[in-house]
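**Q** The structure follows.
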Amino acid sequence: MNDLIRRYGVTITALMCLLVAFWLVMLVVVPNITLFEQSFRPYLPVVDVGGPKDFYSLRNYAKVFDGSIERSFFGIPYMIPVHVMTFGLTIWYSIVVTVACFALAYPLAFFMAKIANPKSLPTLLLLLFIPLWVSEVLRAFAWWIILAFKGPLNALLLAIGAIDEPVRWIVGYDGVVIGLTYAYVLFMLFPIYNAISSLDTNQIEAADDLGAPWWKIHLRVVLPYAKPGIASGCVMVFMLSAGSLLVPSILGSTTSQWFTQTIDQWFKDALDWNTASAYAFILLLLCTVFVSIALKVFNVKLSDIAK
Amino acid sequence: MSAKIDLENVSCDFGSFRAVDNANVSIEPGEFFSFLGPSGCGKTTILRMISGFIDPTEGAIKIGGKDMRGQRPNQRPTALIFQNLALFPLMPVWENISFGLEVRGVDKATRRKKAEELLELVDLKGAADKMVSQLSGGQKQRVAIARALAVEPSVMLLDEPLSALDLKLRQHMRAELRAIQKRTGVTFIYITHDQGEALAMSDRIGVMSQGRIQQIANPRDIYNAPINGFVAGFVGENNIFEGKSGAVAAGMAGFDTAYGTLRARINDDAKGSALRLYVRPEHTLLSAAKAEENSIPVTVSEVSFEGAFISILCHSDDGKLIVAELRNDGSATVPDIGTKLHASFDAARAALLPDANVRG
Ligand SMILES: Nc1ncnc2c1ncn2[C@@H]1O[C@H](COP(=O)(O)OP(=O)(O)OP(=O)(O)O)[C@@H](O)[C@H]1O
Ligand SMILES: [Mg+2]
């Protein structure tokens, strides 16, 4: 702080602090508090707002348990509330996306950090970044076109003889998983890349010299070292996936429903902002709890991730 | 278990840069062999070729008579100790040591037992469950040695393992390493740029400069009979005289200098090339009277007390610095500054040597 004052003078420092404070308070804290407050109040006609019917309750939160449907698990039928099921599927497929991102990002990150020629690295990074210059909406639509029943992917696979008849890709959650994986894979790549590039190459060579096969080197030397990077990548991808609205809306099929879409419907179709807020906080809270548990299970500390 | 290592016409290029040029060495089983040379002369490159991280551009490396070309590091009977040790920071000491056994599928109890044994060998009992970060520099050193010994290599390759340690510990570890080598009988190939270390520890030394091996000999011969000016200069101090060599007789030659004709040893193969006369300060004598041969009048300009010996800096009449060393055993009288004396040396202790053997 003193450093800032010395370098930029009091006026500019004060201005900077005020702007940051404004951004934090007006754009982050106030909207969240407003939504949090109204999530406990019922959705009422304007005349009743502030009237006797307007009191705090957990009724909006309880709505996730409304309207059960029947499902079966290995032949055993059971009843489950629709929204709880949507939530469960959102978490499950977010995990699938996270695992897919890891499977794609780890080899690439290792290649970039330890194998690629440092001279070709800028080109490689540029190639990875160029897709980001196009808006997320367009990229999602691009995938929609690629994965279409009569789209280029099927055409290509048919042409090279990998499949005999076109595959319906956007079915169930498949399109969503593909789209989300593509959208967030870089959030996995860079933390892992950072972690691995700080690993002393001599350690890999030492393991090699001691006779370790390549998979053992990864299992015992590289992966443990990159764990904090992997954890922060996983947290980011998981949270972004679970919270994504755009990709599930565009690449979803008739049988897929993302929890954010449910929230969106409360907001826009039902115009019930109170319930929508309650749902949003459920998502936030449970995702945070889930991530905390996962970190505990994999024995990663929050301070490790921050590095 | 130990093996013979042969380097036959080994060269290594990085692009157009030749890091190692036509190296020929035969290292005997159980030998302690050092590569000695200044930074960047290609020592690490030689070691990495032997351990299999790089393949020689030309020539062959044989271990136990078997050509190693195409053999991966994990298939060679070598264990490398890295310049920075490269211990695994996330494993406790005993897992570090037994890592090589773990990848060979040895069960945990046996591994633990073997690790304890090796810790005892390197004098580190009771450190098995510590983390690497809890160890001192010298202890890390020993863990690295134990880790390499665990896989029972025929050849240990050590890349300046003591360079990060302080002087006292370095001297202690020198003796320790030497003792471990004797106990295990493994062939050690040791790399250093510290001439004292190489002279003290090695059975034989290969002195390198700019990718070329200059001389291979035992420490005594490296110091007493260096083959060229580079070796003479790298392993010790010298008084060097410029001049022209004259008639050769019985391995001795006259050498015409600004101080008259001096006499010194000469090698048969050195004749004809540009030569200089090298004589060690401890073989340079100071006397009041003129000596019979190789005598140069000098004035004492500085006396520097070095502990075990006293270094006397003199200047000849034309300003050339000549250094003489006296043993600090009370037998010699230390001259005062400004005293006029004669510096001389025994012709058998001086040598006429060419410069370093470098690429033309
Ligand atoms: N991978 C590489 N690519 C290009 N040049 C290299 C490479 N490795 C080493 N060199 C060059 O080869 C020469 C010898 O390197 P080397 O590492 O063998 O030296 P060294 O004798 O071990 O030095 P030091 O005592 O400093 O460790 C150096 O000039 C170095 O710049
Ligand atoms: Mg080196």
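Labeling convention for the structure tokens: chains A, B, ... as they appear, residues from 1 per chain, ligands from 1 in order of appearance.
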Could you pull out the residues in segment 16-191 of chain A that DSSP calls strand (DSSP E) from the backbone, as a PDB file with N, CA and C atoms, in the first residue's frame?
**A**
ATOM      1  N   SER A  68     -42.014 -36.002  -7.952  1.00  0.00           N
ATOM      2  CA  SER A  68     -41.133 -37.149  -8.159  1.00  0.00           C
ATOM      3  C   SER A  68     -41.482 -37.892  -9.435  1.00  0.00           C
ATOM      4  N   ILE A  69     -40.483 -38.552 -10.021  1.00  0.00           N
ATOM      5  CA  ILE A  69     -40.734 -39.441 -11.147  1.00  0.00           C
ATOM      6  C   ILE A  69     -40.105 -40.791 -10.837  1.00  0.00           C
ATOM      7  N   GLU A  70     -40.534 -41.803 -11.603  1.00  0.00           N
ATOM      8  CA  GLU A  70     -40.005 -43.126 -11.329  1.00  0.00           C
ATOM      9  C   GLU A  70     -38.817 -43.439 -12.229  1.00  0.00           C
ATOM     10  N   ARG A  71     -37.791 -43.970 -11.623  1.00  0.00           N
ATOM     11  CA  ARG A  71     -36.588 -44.394 -12.347  1.00  0.00           C
ATOM     12  C   ARG A  71     -36.254 -45.802 -11.904  1.00  0.00           C
ATOM     13  N   SER A  72     -35.336 -46.449 -12.590  1.00  0.00           N
ATOM     14  CA  SER A  72     -34.910 -47.736 -12.050  1.00  0.00           C
ATOM     15  C   SER A  72     -33.397 -47.844 -12.109  1.00  0.00           C
ATOM     16  N   PHE A  73     -32.892 -48.497 -11.093  1.00  0.00           N
ATOM     17  CA  PHE A  73     -31.455 -48.669 -10.955  1.00  0.00           C
ATOM     18  C   PHE A  73     -31.167 -50.147 -10.960  1.00  0.00           C
ATOM     19  N   ILE A  76     -34.168 -52.103 -10.191  1.00  0.00           N
ATOM     20  CA  ILE A  76     -34.922 -51.798  -8.971  1.00  0.00           C
ATOM     21  C   ILE A  76     -35.563 -50.418  -9.147  1.00  0.00           C
ATOM     22  N   PRO A  77     -36.890 -50.360  -9.209  1.00  0.00           N
ATOM     23  CA  PRO A  77     -37.509 -49.053  -9.410  1.00  0.00           C
ATOM     24  C   PRO A  77     -37.488 -48.217  -8.135  1.00  0.00           C
ATOM     25  N   TYR A  78     -37.354 -46.918  -8.299  1.00  0.00           N
ATOM     26  CA  TYR A  78     -37.426 -46.024  -7.139  1.00  0.00           C
ATOM     27  C   TYR A  78     -37.949 -44.684  -7.597  1.00  0.00           C
ATOM     28  N   MET A  79     -38.428 -43.897  -6.651  1.00  0.00           N
ATOM     29  CA  MET A  79     -38.969 -42.578  -6.961  1.00  0.00           C
ATOM     30  C   MET A  79     -37.909 -41.537  -6.621  1.00  0.00           C
ATOM     31  N   ILE A  80     -37.772 -40.557  -7.494  1.00  0.00           N
ATOM     32  CA  ILE A  80     -36.813 -39.502  -7.207  1.00  0.00           C
ATOM     33  C   ILE A  80     -37.377 -38.180  -7.700  1.00  0.00           C
ATOM     34  N   PRO A  81     -37.256 -37.120  -6.886  1.00  0.00           N
ATOM     35  CA  PRO A  81     -37.740 -35.814  -7.326  1.00  0.00           C
ATOM     36  C   PRO A  81     -36.988 -35.376  -8.587  1.00  0.00           C
TER      37      PRO A  81
END
**Q** List all protein, DNA and RNA residues that have an atom no more than 12 Å from any atom of ligand 1, counting only C-alpha atoms and all ligand atoms, and report them as a PyMOL selection string.
**A** (chain A and resi 117-118) or (chain B and resi 11-21+35-49+53-55+82-84+158-161+163+190-194+207-213)
**Q** Please identify the helix (DSSP H, G or I) residues within segment 135-306 of chain B (assignment by DSSP from backbone atoms) and present them as a PyMOL selection string.
**A** chain B and resi 137-150+167-184+195-201+219-224+229-234+268-270+281-283
**Q** Could you name the residues that touch His342 of chain B at 9 Å or less, counting only C-alpha atoms, but leaving out those on the same chain fewer than 2 positions away, as a PyMOL selection string?
**A** chain B and resi 285-291+295-299+340+344
**Q** Just write the chosen residues, C-alpha atoms, as a PDB file, in the first residue's frame.
**A**
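Contents of the output file selection-v1.pdb:
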ATOM      1  CA  LEU B 285      64.444 -22.616  -5.174  1.00  0.00           C
ATOM      2  CA  LEU B 286      65.762 -19.303  -3.883  1.00  0.00           C
ATOM      3  CA  SER B 287      69.382 -18.851  -2.894  1.00  0.00           C
ATOM      4  CA  ALA B 288      71.773 -15.988  -2.246  1.00  0.00           C
ATOM      5  CA  ALA B 289      74.433 -17.458  -4.520  1.00  0.00           C
ATOM      6  CA  LYS B 290      73.987 -18.056  -8.225  1.00  0.00           C
ATOM      7  CA  ALA B 291      73.121 -21.710  -8.955  1.00  0.00           C
ATOM      8  CA  SER B 295      69.524 -19.577 -12.414  1.00  0.00           C
ATOM      9  CA  ILE B 296      67.702 -16.264 -12.720  1.00  0.00           C
ATOM     10  CA  PRO B 297      68.462 -13.155 -10.624  1.00  0.00           C
ATOM     11  CA  VAL B 298      65.304 -11.890  -8.884  1.00  0.00           C
ATOM     12  CA  THR B 299      64.111  -9.410  -6.262  1.00  0.00           C
ATOM     13  CA  LYS B 340      68.132  -9.736  -4.180  1.00  0.00           C
ATOM     14  CA  SER B 344      66.769 -21.685  -9.796  1.00  0.00           C
TER      15      SER B 344
END
**Q** Could you list, with a cut-off of 6 Å and counting only C-alpha atoms, the residues of chain A near chain B, each shown with its nearest atom pair and the distance in Å rounded to one decimal, rows sorted by chain and ascending number, as CSV?
**A**
residue,atom,partner,partner_atom,distance
A:Asn202,CA,B:Ala86,CA,5.7
A:Gln203,CA,B:Ala86,CA,5.0
A:Asp208,CA,B:Asn74,CA,5.5
A:Asp209,CA,B:Asn74,CA,4.9
A:Leu210,CA,B:Gly100,CA,4.9
A:Gly211,CA,B:Asn74,CA,3.9
A:Ala212,CA,B:Val103,CA,5.4
**Q** Take atom CA of Ile91 of chain A and atom CA of Leu302 of chain A and report the distance between them in Å, one decimal.
**A**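 These two atoms are separated by 21.1 Å.
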**Q** Excluding segment 257-261 of chain B and its own-chain neighbours fewer than 3 positions away, which residues fall within 7 Å of it when counting only C-alpha atoms? Please give them as a list of chain:residue names.
**A** B:Glu242, B:Gly243, B:Lys244, B:Gly254, B:Ile296
**Q** Just how far from atom CA of Leu165 of chain B is atom CA of Gln141 of chain B, in Å to one decimal?
**A**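 Atom CA of Leu165 of chain B lies 9.1 Å from atom CA of Gln141 of chain B.
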**Q** With distances taken over only C-alpha atoms, which residue among A:Val46, A:Leu121, A:Ala195, A:Val237 lies nearest Pro224 of chain A?
**A** A:Ala195
**Q** Which neighbours of segment 232-236 of chain B fall inside 10 Å, counting only C-alpha atoms, when residues of the same chain fewer than 3 positions from it are skipped, and could you give them as a PyMOL selection string?
**A** chain B and resi 36-38+193-196+198-199+207-209+219+222-229+239-240+278-281+351+353+355-356
**Q** Find the residues near Leu286 of chain A: any atom within 12 Å, counting only C-alpha atoms, skip ones fewer than 2 places away on the same chain, and give them as a compact mmCIF listing (two decimals) with N, CA, C and O atoms, in the first residue's frame.
**A**
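Once everything was written out, this is result17.txt:
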# COMPACT_ATOMS: atom_id res chain seq x y z
N VAL A 84 -33.97 -33.02 -8.07
CA VAL A 84 -32.84 -33.70 -7.42
C VAL A 84 -32.10 -34.55 -8.43
O VAL A 84 -30.87 -34.57 -8.48
N PHE A 87 -30.09 -32.41 -10.63
CA PHE A 87 -28.90 -31.99 -9.91
C PHE A 87 -27.84 -33.09 -9.89
O PHE A 87 -26.68 -32.88 -10.20
N GLY A 88 -28.31 -34.29 -9.56
CA GLY A 88 -27.39 -35.43 -9.50
C GLY A 88 -26.70 -35.67 -10.83
O GLY A 88 -25.49 -35.88 -10.91
N THR A 90 -26.27 -33.50 -13.19
CA THR A 90 -25.35 -32.38 -13.47
C THR A 90 -24.00 -32.63 -12.81
O THR A 90 -22.95 -32.50 -13.43
N ILE A 91 -24.04 -33.04 -11.53
CA ILE A 91 -22.80 -33.32 -10.82
C ILE A 91 -22.06 -34.47 -11.50
O ILE A 91 -20.87 -34.39 -11.80
N MET A 239 -16.33 -26.76 -11.45
CA MET A 239 -17.21 -25.65 -11.10
C MET A 239 -17.76 -24.98 -12.35
O MET A 239 -18.95 -24.66 -12.43
N ALA A 242 -20.38 -27.38 -14.00
CA ALA A 242 -21.64 -27.45 -13.26
C ALA A 242 -22.40 -26.13 -13.40
O ALA A 242 -23.63 -26.12 -13.38
N GLY A 243 -21.66 -25.04 -13.56
CA GLY A 243 -22.32 -23.74 -13.63
C GLY A 243 -22.58 -23.26 -15.03
O GLY A 243 -23.10 -22.15 -15.23
N TYR A 279 -32.50 -21.97 -5.89
CA TYR A 279 -31.86 -23.05 -6.63
C TYR A 279 -30.39 -22.72 -6.90
O TYR A 279 -29.52 -23.58 -6.80
N ALA A 280 -30.15 -21.45 -7.26
CA ALA A 280 -28.77 -21.05 -7.56
C ALA A 280 -27.89 -21.25 -6.34
O ALA A 280 -26.76 -21.74 -6.44
N PHE A 281 -28.43 -20.91 -5.16
CA PHE A 281 -27.61 -21.08 -3.96
C PHE A 281 -27.44 -22.54 -3.59
O PHE A 281 -26.40 -22.93 -3.06
N ILE A 282 -28.45 -23.34 -3.89
CA ILE A 282 -28.28 -24.78 -3.67
C ILE A 282 -27.11 -25.29 -4.50
O ILE A 282 -26.21 -25.99 -4.02
N LEU A 283 -27.09 -24.89 -5.78
CA LEU A 283 -26.01 -25.34 -6.67
C LEU A 283 -24.66 -24.90 -6.14
O LEU A 283 -23.72 -25.70 -6.03
N LEU A 284 -24.57 -23.61 -5.78
CA LEU A 284 -23.30 -23.07 -5.29
C LEU A 284 -22.83 -23.82 -4.05
O LEU A 284 -21.69 -24.29 -3.96
N THR A 288 -19.68 -26.49 -3.75
CA THR A 288 -18.56 -26.16 -2.87
C THR A 288 -18.30 -27.29 -1.89
O THR A 288 -17.16 -27.70 -1.68
N VAL A 289 -19.39 -27.81 -1.31
CA VAL A 289 -19.24 -28.93 -0.38
C VAL A 289 -18.60 -30.12 -1.08
O VAL A 289 -17.64 -30.73 -0.59
N PHE A 290 -19.11 -30.41 -2.29
CA PHE A 290 -18.59 -31.55 -3.04
C PHE A 290 -17.09 -31.40 -3.30
O PHE A 290 -16.31 -32.32 -3.09
N VAL A 291 -16.70 -30.19 -3.74
CA VAL A 291 -15.29 -29.95 -4.05
C VAL A 291 -14.44 -30.09 -2.79
O VAL A 291 -13.36 -30.70 -2.80
N SER A 292 -14.96 -29.55 -1.68
CA SER A 292 -14.19 -29.64 -0.43
C SER A 292 -13.97 -31.09 -0.04
O SER A 292 -12.87 -31.48 0.36
N ILE A 293 -15.03 -31.90 -0.18
CA ILE A 293 -14.90 -33.31 0.17
C ILE A 293 -13.88 -33.98 -0.76
O ILE A 293 -12.99 -34.71 -0.31
